[in-house]
>>> print(open('data.txt').read())   # compact mmCIF, N, CA and C atoms
# COMPACT_ATOMS: atom_id res chain seq x y z
N MET W 1 45.23 -85.45 75.78
CA MET W 1 44.41 -85.74 74.63
C MET W 1 44.63 -84.63 73.59
N SER W 2 44.70 -85.05 72.35
CA SER W 2 44.87 -84.07 71.27
C SER W 2 43.63 -84.04 70.40
N MET W 3 43.55 -83.02 69.57
CA MET W 3 42.40 -82.86 68.69
C MET W 3 42.25 -84.06 67.76
N THR W 4 43.37 -84.62 67.31
CA THR W 4 43.29 -85.75 66.38
C THR W 4 42.87 -87.05 67.06
N ASP W 5 42.80 -87.05 68.37
CA ASP W 5 42.21 -88.19 69.07
C ASP W 5 40.69 -88.17 68.93
N LEU W 6 40.15 -87.01 68.62
CA LEU W 6 38.70 -86.84 68.53
C LEU W 6 38.20 -86.59 67.11
N LEU W 7 39.02 -85.96 66.29
CA LEU W 7 38.64 -85.57 64.94
C LEU W 7 39.67 -86.09 63.95
N HIS W 8 39.27 -86.30 62.72
CA HIS W 8 40.17 -86.79 61.68
C HIS W 8 41.14 -85.69 61.26
N ALA W 9 42.41 -86.01 61.23
CA ALA W 9 43.45 -85.04 60.87
C ALA W 9 43.20 -84.43 59.49
N GLU W 10 42.74 -85.22 58.55
CA GLU W 10 42.49 -84.72 57.20
C GLU W 10 41.34 -83.70 57.20
N ASP W 11 40.30 -83.95 57.99
CA ASP W 11 39.19 -82.99 58.09
C ASP W 11 39.66 -81.68 58.70
N ILE W 12 40.52 -81.78 59.70
CA ILE W 12 41.06 -80.58 60.35
C ILE W 12 41.87 -79.77 59.33
N LYS W 13 42.75 -80.43 58.59
CA LYS W 13 43.58 -79.73 57.60
C LYS W 13 42.73 -79.04 56.55
N LYS W 14 41.72 -79.73 56.05
CA LYS W 14 40.83 -79.15 55.03
C LYS W 14 40.09 -77.93 55.58
N ALA W 15 39.58 -78.06 56.80
CA ALA W 15 38.82 -76.97 57.39
C ALA W 15 39.70 -75.75 57.65
N VAL W 16 40.86 -75.96 58.23
CA VAL W 16 41.78 -74.84 58.49
C VAL W 16 42.21 -74.23 57.16
N GLY W 17 42.50 -75.06 56.18
CA GLY W 17 42.91 -74.58 54.87
C GLY W 17 41.85 -73.75 54.15
N ALA W 18 40.60 -74.04 54.43
CA ALA W 18 39.51 -73.31 53.79
C ALA W 18 39.38 -71.88 54.30
N PHE W 19 40.01 -71.59 55.42
CA PHE W 19 39.88 -70.26 56.04
C PHE W 19 41.23 -69.60 56.29
N THR W 20 42.14 -69.75 55.34
CA THR W 20 43.48 -69.17 55.52
C THR W 20 43.51 -67.66 55.32
N ALA W 21 42.59 -67.14 54.54
CA ALA W 21 42.57 -65.69 54.29
C ALA W 21 41.93 -64.96 55.47
N ALA W 22 42.51 -63.81 55.81
CA ALA W 22 41.93 -62.98 56.87
C ALA W 22 40.50 -62.61 56.50
N GLU W 23 39.64 -62.57 57.49
CA GLU W 23 38.22 -62.23 57.35
C GLU W 23 37.42 -63.29 56.59
N SER W 24 37.96 -64.49 56.44
CA SER W 24 37.24 -65.55 55.74
C SER W 24 36.59 -66.56 56.68
N PHE W 25 36.88 -66.48 57.98
CA PHE W 25 36.42 -67.50 58.92
C PHE W 25 34.91 -67.49 59.10
N ASP W 26 34.30 -68.64 58.90
CA ASP W 26 32.86 -68.84 59.11
C ASP W 26 32.75 -69.98 60.11
N HIS W 27 32.42 -69.65 61.35
CA HIS W 27 32.43 -70.65 62.41
C HIS W 27 31.51 -71.83 62.14
N LYS W 28 30.33 -71.58 61.59
CA LYS W 28 29.41 -72.68 61.33
C LYS W 28 30.00 -73.66 60.31
N LYS W 29 30.53 -73.14 59.23
CA LYS W 29 31.14 -74.00 58.22
C LYS W 29 32.36 -74.72 58.77
N PHE W 30 33.19 -74.00 59.52
CA PHE W 30 34.40 -74.60 60.06
C PHE W 30 34.08 -75.78 60.97
N PHE W 31 33.20 -75.60 61.93
CA PHE W 31 32.90 -76.66 62.87
C PHE W 31 32.21 -77.84 62.20
N GLN W 32 31.46 -77.56 61.13
CA GLN W 32 30.87 -78.65 60.37
C GLN W 32 31.96 -79.40 59.61
N MET W 33 32.88 -78.67 59.00
CA MET W 33 33.95 -79.28 58.21
C MET W 33 34.87 -80.17 59.05
N VAL W 34 35.15 -79.78 60.28
CA VAL W 34 36.04 -80.61 61.11
C VAL W 34 35.33 -81.84 61.68
N GLY W 35 34.02 -81.91 61.51
CA GLY W 35 33.28 -83.09 61.92
C GLY W 35 32.64 -83.04 63.29
N LEU W 36 32.56 -81.87 63.88
CA LEU W 36 31.97 -81.78 65.23
C LEU W 36 30.49 -82.12 65.25
N LYS W 37 29.79 -81.87 64.16
CA LYS W 37 28.35 -82.14 64.14
C LYS W 37 28.05 -83.63 64.36
N LYS W 38 29.00 -84.46 63.97
CA LYS W 38 28.80 -85.91 64.06
C LYS W 38 29.24 -86.48 65.41
N LYS W 39 29.77 -85.65 66.27
CA LYS W 39 30.33 -86.12 67.53
C LYS W 39 29.30 -86.13 68.66
N SER W 40 29.56 -86.99 69.63
CA SER W 40 28.70 -87.07 70.82
C SER W 40 28.91 -85.83 71.68
N PRO W 41 27.94 -85.50 72.53
CA PRO W 41 28.13 -84.38 73.46
C PRO W 41 29.39 -84.53 74.31
N ASP W 42 29.74 -85.74 74.68
CA ASP W 42 30.94 -85.97 75.47
C ASP W 42 32.19 -85.60 74.67
N ASP W 43 32.24 -85.98 73.41
CA ASP W 43 33.38 -85.63 72.56
C ASP W 43 33.45 -84.13 72.31
N VAL W 44 32.30 -83.50 72.15
CA VAL W 44 32.27 -82.05 71.95
C VAL W 44 32.84 -81.36 73.19
N LYS W 45 32.48 -81.85 74.35
CA LYS W 45 33.01 -81.27 75.59
C LYS W 45 34.52 -81.46 75.68
N LYS W 46 35.02 -82.59 75.22
CA LYS W 46 36.46 -82.83 75.20
C LYS W 46 37.16 -81.83 74.28
N VAL W 47 36.57 -81.57 73.13
CA VAL W 47 37.12 -80.57 72.21
C VAL W 47 37.13 -79.20 72.89
N PHE W 48 36.05 -78.88 73.55
CA PHE W 48 35.96 -77.61 74.28
C PHE W 48 37.12 -77.48 75.26
N HIS W 49 37.38 -78.53 76.02
CA HIS W 49 38.43 -78.48 77.03
C HIS W 49 39.82 -78.36 76.41
N ILE W 50 40.01 -78.91 75.23
CA ILE W 50 41.28 -78.73 74.52
C ILE W 50 41.44 -77.26 74.13
N LEU W 51 40.37 -76.64 73.69
CA LEU W 51 40.41 -75.24 73.28
C LEU W 51 40.52 -74.28 74.45
N ASP W 52 40.10 -74.71 75.62
CA ASP W 52 40.17 -73.91 76.84
C ASP W 52 41.60 -73.97 77.38
N LYS W 53 42.48 -73.18 76.79
CA LYS W 53 43.92 -73.27 77.07
C LYS W 53 44.28 -72.98 78.53
N ASP W 54 43.56 -72.05 79.18
CA ASP W 54 43.90 -71.74 80.57
C ASP W 54 43.14 -72.60 81.58
N LYS W 55 42.36 -73.54 81.07
CA LYS W 55 41.61 -74.50 81.90
C LYS W 55 40.69 -73.83 82.92
N SER W 56 40.12 -72.70 82.51
CA SER W 56 39.21 -71.97 83.40
C SER W 56 37.79 -72.49 83.36
N GLY W 57 37.49 -73.35 82.39
CA GLY W 57 36.12 -73.82 82.20
C GLY W 57 35.35 -72.94 81.22
N PHE W 58 36.04 -71.93 80.69
CA PHE W 58 35.44 -71.01 79.73
C PHE W 58 36.45 -70.75 78.61
N ILE W 59 35.93 -70.38 77.46
CA ILE W 59 36.79 -69.91 76.38
C ILE W 59 36.55 -68.40 76.29
N GLU W 60 37.57 -67.65 76.65
CA GLU W 60 37.48 -66.20 76.66
C GLU W 60 37.89 -65.64 75.30
N GLU W 61 37.65 -64.35 75.12
CA GLU W 61 37.92 -63.69 73.84
C GLU W 61 39.36 -63.91 73.38
N GLU W 62 40.31 -63.80 74.27
CA GLU W 62 41.72 -63.99 73.88
C GLU W 62 41.96 -65.40 73.34
N GLU W 63 41.38 -66.39 73.99
CA GLU W 63 41.52 -67.77 73.52
C GLU W 63 40.84 -67.98 72.17
N LEU W 64 39.72 -67.31 71.95
CA LEU W 64 39.01 -67.44 70.67
C LEU W 64 39.87 -66.98 69.50
N GLY W 65 40.69 -65.97 69.72
CA GLY W 65 41.56 -65.47 68.66
C GLY W 65 42.54 -66.52 68.16
N PHE W 66 42.82 -67.51 68.99
CA PHE W 66 43.77 -68.57 68.64
C PHE W 66 43.07 -69.91 68.40
N ILE W 67 41.77 -69.88 68.19
CA ILE W 67 40.99 -71.12 68.12
C ILE W 67 41.45 -72.04 67.00
N LEU W 68 41.84 -71.50 65.85
CA LEU W 68 42.30 -72.36 64.76
C LEU W 68 43.57 -73.11 65.14
N LYS W 69 44.42 -72.48 65.94
CA LYS W 69 45.65 -73.12 66.39
C LYS W 69 45.34 -74.27 67.36
N GLY W 70 44.19 -74.24 67.97
CA GLY W 70 43.78 -75.36 68.81
C GLY W 70 43.50 -76.61 67.99
N PHE W 71 43.20 -76.41 66.72
CA PHE W 71 42.95 -77.52 65.81
C PHE W 71 44.21 -77.91 65.05
N LEU W 72 45.01 -76.92 64.66
CA LEU W 72 46.23 -77.14 63.89
C LEU W 72 47.24 -76.08 64.30
N PRO W 73 48.31 -76.47 64.96
CA PRO W 73 49.25 -75.49 65.56
C PRO W 73 49.79 -74.42 64.61
N ASP W 74 49.96 -74.73 63.33
CA ASP W 74 50.50 -73.72 62.42
C ASP W 74 49.42 -72.89 61.72
N ALA W 75 48.19 -73.00 62.18
CA ALA W 75 47.09 -72.21 61.61
C ALA W 75 47.25 -70.74 61.98
N ARG W 76 46.52 -69.90 61.27
CA ARG W 76 46.58 -68.46 61.54
C ARG W 76 45.73 -68.09 62.76
N ASP W 77 45.98 -66.90 63.27
CA ASP W 77 45.13 -66.33 64.31
C ASP W 77 43.92 -65.70 63.64
N LEU W 78 42.80 -65.67 64.33
CA LEU W 78 41.64 -64.94 63.82
C LEU W 78 41.91 -63.44 63.93
N THR W 79 41.29 -62.69 63.04
CA THR W 79 41.37 -61.24 63.15
C THR W 79 40.52 -60.79 64.33
N THR W 80 40.69 -59.56 64.73
CA THR W 80 39.88 -59.01 65.82
C THR W 80 38.40 -59.08 65.47
N LYS W 81 38.06 -58.74 64.24
CA LYS W 81 36.66 -58.78 63.80
C LYS W 81 36.11 -60.21 63.85
N GLU W 82 36.87 -61.18 63.35
CA GLU W 82 36.43 -62.58 63.37
C GLU W 82 36.25 -63.07 64.81
N THR W 83 37.19 -62.68 65.67
CA THR W 83 37.11 -63.09 67.07
C THR W 83 35.86 -62.52 67.74
N LYS W 84 35.59 -61.25 67.49
CA LYS W 84 34.41 -60.62 68.10
C LYS W 84 33.12 -61.23 67.56
N THR W 85 33.10 -61.58 66.28
CA THR W 85 31.92 -62.23 65.69
C THR W 85 31.70 -63.59 66.32
N LEU W 86 32.77 -64.34 66.49
CA LEU W 86 32.68 -65.66 67.12
C LEU W 86 32.21 -65.55 68.57
N LEU W 87 32.74 -64.60 69.29
CA LEU W 87 32.32 -64.40 70.68
C LEU W 87 30.85 -64.00 70.75
N ALA W 88 30.44 -63.09 69.89
CA ALA W 88 29.03 -62.65 69.90
C ALA W 88 28.08 -63.81 69.61
N ALA W 89 28.49 -64.73 68.76
CA ALA W 89 27.64 -65.87 68.42
C ALA W 89 27.49 -66.84 69.57
N GLY W 90 28.51 -66.98 70.39
CA GLY W 90 28.46 -67.97 71.46
C GLY W 90 28.21 -67.45 72.86
N ASP W 91 28.45 -66.17 73.09
CA ASP W 91 28.32 -65.59 74.43
C ASP W 91 26.93 -64.98 74.58
N LYS W 92 25.98 -65.80 75.00
CA LYS W 92 24.61 -65.33 75.07
C LYS W 92 24.28 -64.58 76.36
N ASP W 93 25.13 -64.70 77.39
CA ASP W 93 24.83 -63.97 78.62
C ASP W 93 25.67 -62.70 78.75
N GLY W 94 26.50 -62.41 77.75
CA GLY W 94 27.23 -61.15 77.73
C GLY W 94 28.38 -61.03 78.71
N ASP W 95 28.88 -62.17 79.21
CA ASP W 95 29.97 -62.10 80.18
C ASP W 95 31.36 -62.12 79.55
N GLY W 96 31.42 -62.14 78.22
CA GLY W 96 32.70 -62.09 77.53
C GLY W 96 33.41 -63.42 77.43
N LYS W 97 32.69 -64.50 77.68
CA LYS W 97 33.28 -65.83 77.58
C LYS W 97 32.21 -66.86 77.25
N ILE W 98 32.67 -68.02 76.81
CA ILE W 98 31.77 -69.09 76.41
C ILE W 98 32.05 -70.29 77.29
N GLY W 99 31.02 -70.83 77.91
CA GLY W 99 31.17 -72.00 78.78
C GLY W 99 30.83 -73.28 78.05
N ALA W 100 31.30 -74.39 78.58
CA ALA W 100 31.04 -75.69 77.97
C ALA W 100 29.55 -75.99 77.91
N ASP W 101 28.79 -75.56 78.91
CA ASP W 101 27.35 -75.81 78.91
C ASP W 101 26.66 -75.13 77.74
N ALA W 102 27.10 -73.91 77.40
CA ALA W 102 26.52 -73.22 76.25
C ALA W 102 26.82 -73.98 74.97
N GLU W 103 27.99 -74.56 74.91
CA GLU W 103 28.38 -75.35 73.75
C GLU W 103 27.47 -76.56 73.60
N LEU W 104 27.24 -77.27 74.70
CA LEU W 104 26.43 -78.48 74.63
C LEU W 104 24.97 -78.16 74.35
N LYS W 105 24.47 -77.06 74.90
CA LYS W 105 23.09 -76.68 74.64
C LYS W 105 22.86 -76.35 73.18
N SER W 106 23.92 -75.95 72.49
CA SER W 106 23.78 -75.58 71.09
C SER W 106 23.75 -76.79 70.18
N CYS W 107 23.93 -77.96 70.73
CA CYS W 107 24.07 -79.15 69.90
C CYS W 107 22.72 -79.80 69.63
N ASN W 108 22.22 -79.58 68.44
CA ASN W 108 21.07 -80.33 67.96
C ASN W 108 21.12 -80.35 66.45
N ASN W 109 20.17 -80.93 65.82
CA ASN W 109 20.21 -81.08 64.37
C ASN W 109 19.33 -80.08 63.64
N SER W 110 18.99 -78.98 64.27
CA SER W 110 18.14 -78.00 63.61
C SER W 110 18.92 -77.29 62.51
N PRO W 111 18.25 -76.90 61.43
CA PRO W 111 18.92 -76.27 60.30
C PRO W 111 19.69 -75.00 60.66
N GLU W 112 19.19 -74.20 61.58
CA GLU W 112 19.89 -72.96 61.92
C GLU W 112 21.19 -73.21 62.65
N ASN W 113 21.39 -74.40 63.15
CA ASN W 113 22.64 -74.75 63.82
C ASN W 113 23.39 -75.81 63.03
N SER W 114 23.41 -75.66 61.71
CA SER W 114 24.01 -76.68 60.87
C SER W 114 25.48 -76.89 61.14
N GLY W 115 26.16 -75.94 61.75
CA GLY W 115 27.56 -76.11 62.07
C GLY W 115 27.77 -76.69 63.45
N CYS W 116 26.72 -76.99 64.13
CA CYS W 116 26.72 -77.47 65.50
C CYS W 116 27.44 -78.79 65.60
N PRO W 117 28.04 -79.12 66.69
CA PRO W 117 28.14 -78.34 67.89
C PRO W 117 29.38 -77.47 67.87
N SER W 118 29.29 -76.41 68.59
CA SER W 118 30.41 -75.48 68.64
C SER W 118 30.17 -74.51 69.76
N PRO W 119 31.22 -74.05 70.40
CA PRO W 119 31.02 -73.06 71.44
C PRO W 119 30.59 -71.73 70.86
N SER W 120 30.66 -71.61 69.56
CA SER W 120 30.36 -70.33 68.94
C SER W 120 28.99 -70.26 68.30
N ILE W 121 28.27 -71.34 68.27
CA ILE W 121 26.95 -71.35 67.64
C ILE W 121 25.92 -70.89 68.67
N PRO W 122 25.00 -70.04 68.24
CA PRO W 122 23.98 -69.58 69.19
C PRO W 122 23.24 -70.74 69.82
N LYS W 123 22.86 -70.57 71.05
CA LYS W 123 22.14 -71.61 71.79
C LYS W 123 20.82 -71.92 71.11
N ALA W 124 20.47 -73.19 71.11
CA ALA W 124 19.20 -73.62 70.57
C ALA W 124 18.33 -74.06 71.75
N ASN W 125 17.04 -74.00 71.56
CA ASN W 125 16.14 -74.49 72.60
C ASN W 125 16.05 -75.99 72.48
N ILE W 126 16.49 -76.69 73.50
CA ILE W 126 16.46 -78.15 73.50
C ILE W 126 15.61 -78.59 74.66
N SER W 127 14.63 -79.40 74.37
CA SER W 127 13.77 -79.91 75.41
C SER W 127 14.23 -81.31 75.79
N MET W 128 14.29 -81.60 77.05
CA MET W 128 14.66 -82.93 77.52
C MET W 128 13.44 -83.81 77.72
N THR W 129 12.26 -83.30 77.36
CA THR W 129 11.03 -84.06 77.50
C THR W 129 10.94 -85.08 76.37
N PRO W 130 10.69 -86.34 76.68
CA PRO W 130 10.60 -87.36 75.63
C PRO W 130 9.43 -87.04 74.68
N VAL W 131 9.64 -87.34 73.42
CA VAL W 131 8.59 -87.16 72.41
C VAL W 131 7.59 -88.29 72.58
N GLN W 132 6.30 -87.95 72.55
CA GLN W 132 5.27 -88.95 72.77
C GLN W 132 4.63 -89.35 71.47
>>> encode(input="data.txt", output="structure tokens")
Amino acid sequence: MSMTDLLHAEDIKKAVGAFTAAESFDHKKFFQMVGLKKKSPDDVKKVFHILDKDKSGFIEEEELGFILKGFLPDARDLTTKETKTLLAAGDKDGDGKIGADAELKSCNNSPENSGCPSPSIPKANISMTPVQ
């Protein structure tokens, strides 16, 4: 499965193109621009697995540095600072990696997670209790 099986190629190009300059990457804007906010949790998990290059079930710091290439092969690498910022936003347990479950937990429509879903967006509190 490729990224364009899940996301529109034109959205990917626009999003990658918006962050070509070093130190310009904004994970919330990027994930919103590629259309992840509109995707089902299952599709978000599929995107996560595409980005998980070593198939460990986690996206580690080294993989995060190449995250744009997961969307578009000729994209730039993130800078060390951008990579660390992205990791800090998504790694809430401090283990140096982001798991698919953290990604899915971050998926809701709250304003603070406007770029959701993404493995890099801070976790949101989601209740599975039905609204009465």
>>> residues_around(input="data.txt", residues="Asp52 (chain W)", least_positions_apart="5", cutoff="12 Å", atoms="only C-alpha atoms", output="MDAnalysis selection string")
chainID W and resid 45:47 57:67 69:71 97:100 119
>>> closest_residue(input="data.txt", among="W:Glu10, W:Asp5, W:Asp26, W:Asp74", to="Ala89 (chain W)", atoms="only C-alpha atoms")
W:Asp26
>>> axis_aligned_box(input="data.txt", around="region 17-29 of chain W", padding_each_side="3 Å", output="JSON")
{"center_x": 36.5, "center_y": -68.6, "center_z": 58.1, "size_x": 20.1, "size_y": 18.8, "size_z": 14.6}
>>> select_by_dssp(input="data.txt", residues="region 26-112 of chain W", states="strand (DSSP E or B)", output="PDB file with N, CA and C atoms, in the frame of the given file")
ATOM      1  N   PHE W  58      36.040 -71.930  80.690  1.00  0.00           N
ATOM      2  CA  PHE W  58      35.440 -71.010  79.730  1.00  0.00           C
ATOM      3  C   PHE W  58      36.450 -70.750  78.610  1.00  0.00           C
ATOM      4  N   ILE W  59      35.930 -70.380  77.460  1.00  0.00           N
ATOM      5  CA  ILE W  59      36.790 -69.910  76.380  1.00  0.00           C
ATOM      6  C   ILE W  59      36.550 -68.400  76.290  1.00  0.00           C
ATOM      7  N   GLU W  60      37.570 -67.650  76.650  1.00  0.00           N
ATOM      8  CA  GLU W  60      37.480 -66.200  76.660  1.00  0.00           C
ATOM      9  C   GLU W  60      37.890 -65.640  75.300  1.00  0.00           C
ATOM     10  N   LYS W  97      32.690 -64.500  77.680  1.00  0.00           N
ATOM     11  CA  LYS W  97      33.280 -65.830  77.580  1.00  0.00           C
ATOM     12  C   LYS W  97      32.210 -66.860  77.250  1.00  0.00           C
ATOM     13  N   ILE W  98      32.670 -68.020  76.810  1.00  0.00           N
ATOM     14  CA  ILE W  98      31.770 -69.090  76.410  1.00  0.00           C
ATOM     15  C   ILE W  98      32.050 -70.290  77.290  1.00  0.00           C
ATOM     16  N   GLY W  99      31.020 -70.830  77.910  1.00  0.00           N
ATOM     17  CA  GLY W  99      31.170 -72.000  78.780  1.00  0.00           C
ATOM     18  C   GLY W  99      30.830 -73.280  78.050  1.00  0.00           C
TER      19      GLY W  99
END
>>> atom_distance(input="data.txt", atom1="atom N of Ala21 (chain W)", atom2="atom C of Ser2 (chain W)")
23.2 Å
>>> closest_residue(input="data.txt", among="W:Asp54, W:Gly35, W:Gly90, W:Lys81", to="Ala22 (chain W)", atoms="only C-alpha atoms")
W:Lys81
>>> closest_residue(input="data.txt", among="W:Leu68, W:Leu7, W:Leu78, W:Asp91", to="Lys37 (chain W)", atoms="only C-alpha atoms")
W:Leu7
>>> atom_distance(input="data.txt", atom1="atom N of Ile12 (chain W)", atom2="atom N of Asp93 (chain W)")
29.0 Å
>>> atom_distance(input="data.txt", atom1="atom C of Ala15 (chain W)", atom2="CA of Ala75 (chain W)")
9.1 Å
>>> residues_around(input="data.txt", residues="Thr79 (chain W)", least_positions_apart="4", cutoff="6 Å", atoms="only N, CA and C atoms", output="MDAnalysis selection string")
chainID W and resid 23 83:84
>>> select_by_dssp(input="data.txt", residues="region 15-101 of chain W", states="helix (DSSP H, G or I)", output="VMD selection string")
chain W and resid 15 to 18 27 to 33 36 to 38 41 to 51 61 to 64 67 to 71 80 to 90 100 to 101
>>> decode(input="data.txt", residues="region 20-48 of chain W", atoms="N, CA and C atoms", output="mmCIF file, in the first residue's frame")
data_model
loop_
_atom_site.group_PDB
_atom_site.id
_atom_site.type_symbol
_atom_site.label_atom_id
_atom_site.label_comp_id
_atom_site.auth_asym_id
_atom_site.auth_seq_id
_atom_site.Cartn_x
_atom_site.Cartn_y
_atom_site.Cartn_z
ATOM 1 N N THR W 20 9.260 23.263 2.415
ATOM 2 C CA THR W 20 10.548 22.938 1.790
ATOM 3 C C THR W 20 11.732 23.593 2.487
ATOM 4 N N ALA W 21 11.505 24.711 3.132
ATOM 5 C CA ALA W 21 12.608 25.403 3.811
ATOM 6 C C ALA W 21 12.912 24.730 5.149
ATOM 7 N N ALA W 22 14.203 24.640 5.458
ATOM 8 C CA ALA W 22 14.619 24.094 6.756
ATOM 9 C C ALA W 22 13.999 24.923 7.874
ATOM 10 N N GLU W 23 13.609 24.259 8.936
ATOM 11 C CA GLU W 23 12.994 24.862 10.130
ATOM 12 C C GLU W 23 11.593 25.428 9.860
ATOM 13 N N SER W 24 10.966 25.036 8.761
ATOM 14 C CA SER W 24 9.620 25.530 8.456
ATOM 15 C C SER W 24 8.524 24.517 8.794
ATOM 16 N N PHE W 25 8.893 23.279 9.138
ATOM 17 C CA PHE W 25 7.906 22.218 9.321
ATOM 18 C C PHE W 25 7.019 22.458 10.530
ATOM 19 N N ASP W 26 5.721 22.438 10.304
ATOM 20 C CA ASP W 26 4.709 22.557 11.357
ATOM 21 C C ASP W 26 3.847 21.304 11.237
ATOM 22 N N HIS W 27 4.031 20.372 12.160
ATOM 23 C CA HIS W 27 3.358 19.082 12.044
ATOM 24 C C HIS W 27 1.837 19.191 12.007
ATOM 25 N N LYS W 28 1.261 20.084 12.792
ATOM 26 C CA LYS W 28 -0.195 20.214 12.803
ATOM 27 C C LYS W 28 -0.706 20.666 11.433
ATOM 28 N N LYS W 29 -0.080 21.681 10.882
ATOM 29 C CA LYS W 29 -0.494 22.172 9.566
ATOM 30 C C LYS W 29 -0.258 21.117 8.493
ATOM 31 N N PHE W 30 0.890 20.449 8.552
ATOM 32 C CA PHE W 30 1.210 19.450 7.541
ATOM 33 C C PHE W 30 0.178 18.328 7.519
ATOM 34 N N PHE W 31 -0.120 17.739 8.669
ATOM 35 C CA PHE W 31 -1.049 16.619 8.707
ATOM 36 C C PHE W 31 -2.465 17.038 8.329
ATOM 37 N N GLN W 32 -2.804 18.291 8.610
ATOM 38 C CA GLN W 32 -4.101 18.792 8.172
ATOM 39 C C GLN W 32 -4.104 18.964 6.654
ATOM 40 N N MET W 33 -3.021 19.507 6.109
ATOM 41 C CA MET W 33 -2.943 19.754 4.670
ATOM 42 C C MET W 33 -2.990 18.461 3.846
ATOM 43 N N VAL W 34 -2.391 17.392 4.330
ATOM 44 C CA VAL W 34 -2.421 16.139 3.566
ATOM 45 C C VAL W 34 -3.763 15.421 3.676
ATOM 46 N N GLY W 35 -4.627 15.888 4.552
ATOM 47 C CA GLY W 35 -5.972 15.336 4.649
ATOM 48 C C GLY W 35 -6.178 14.270 5.701
ATOM 49 N N LEU W 36 -5.247 14.125 6.619
ATOM 50 C CA LEU W 36 -5.404 13.080 7.640
ATOM 51 C C LEU W 36 -6.566 13.342 8.587
ATOM 52 N N LYS W 37 -6.907 14.597 8.805
ATOM 53 C CA LYS W 37 -7.998 14.909 9.728
ATOM 54 C C LYS W 37 -9.325 14.310 9.253
ATOM 55 N N LYS W 38 -9.447 14.153 7.949
ATOM 56 C CA LYS W 38 -10.694 13.656 7.369
ATOM 57 C C LYS W 38 -10.742 12.133 7.284
ATOM 58 N N LYS W 39 -9.675 11.476 7.665
ATOM 59 C CA LYS W 39 -9.581 10.029 7.500
ATOM 60 C C LYS W 39 -10.098 9.271 8.719
ATOM 61 N N SER W 40 -10.519 8.041 8.460
ATOM 62 C CA SER W 40 -10.989 7.161 9.540
ATOM 63 C C SER W 40 -9.798 6.711 10.383
ATOM 64 N N PRO W 41 -10.042 6.299 11.623
ATOM 65 C CA PRO W 41 -8.947 5.765 12.443
ATOM 66 C C PRO W 41 -8.212 4.608 11.760
ATOM 67 N N ASP W 42 -8.925 3.791 11.009
ATOM 68 C CA ASP W 42 -8.287 2.682 10.306
ATOM 69 C C ASP W 42 -7.313 3.206 9.243
ATOM 70 N N ASP W 43 -7.719 4.222 8.498
ATOM 71 C CA ASP W 43 -6.834 4.807 7.489
ATOM 72 C C ASP W 43 -5.633 5.497 8.133
ATOM 73 N N VAL W 44 -5.855 6.143 9.255
ATOM 74 C CA VAL W 44 -4.754 6.798 9.967
ATOM 75 C C VAL W 44 -3.733 5.743 10.400
ATOM 76 N N LYS W 45 -4.225 4.619 10.872
ATOM 77 C CA LYS W 45 -3.324 3.539 11.283
ATOM 78 C C LYS W 45 -2.541 2.993 10.084
ATOM 79 N N LYS W 46 -3.173 2.928 8.930
ATOM 80 C CA LYS W 46 -2.486 2.487 7.714
ATOM 81 C C LYS W 46 -1.365 3.463 7.353
ATOM 82 N N VAL W 47 -1.637 4.752 7.477
ATOM 83 C CA VAL W 47 -0.607 5.764 7.217
ATOM 84 C C VAL W 47 0.541 5.581 8.206
ATOM 85 N N PHE W 48 0.206 5.364 9.456
ATOM 86 C CA PHE W 48 1.227 5.128 10.478
ATOM 87 C C PHE W 48 2.131 3.968 10.075
#
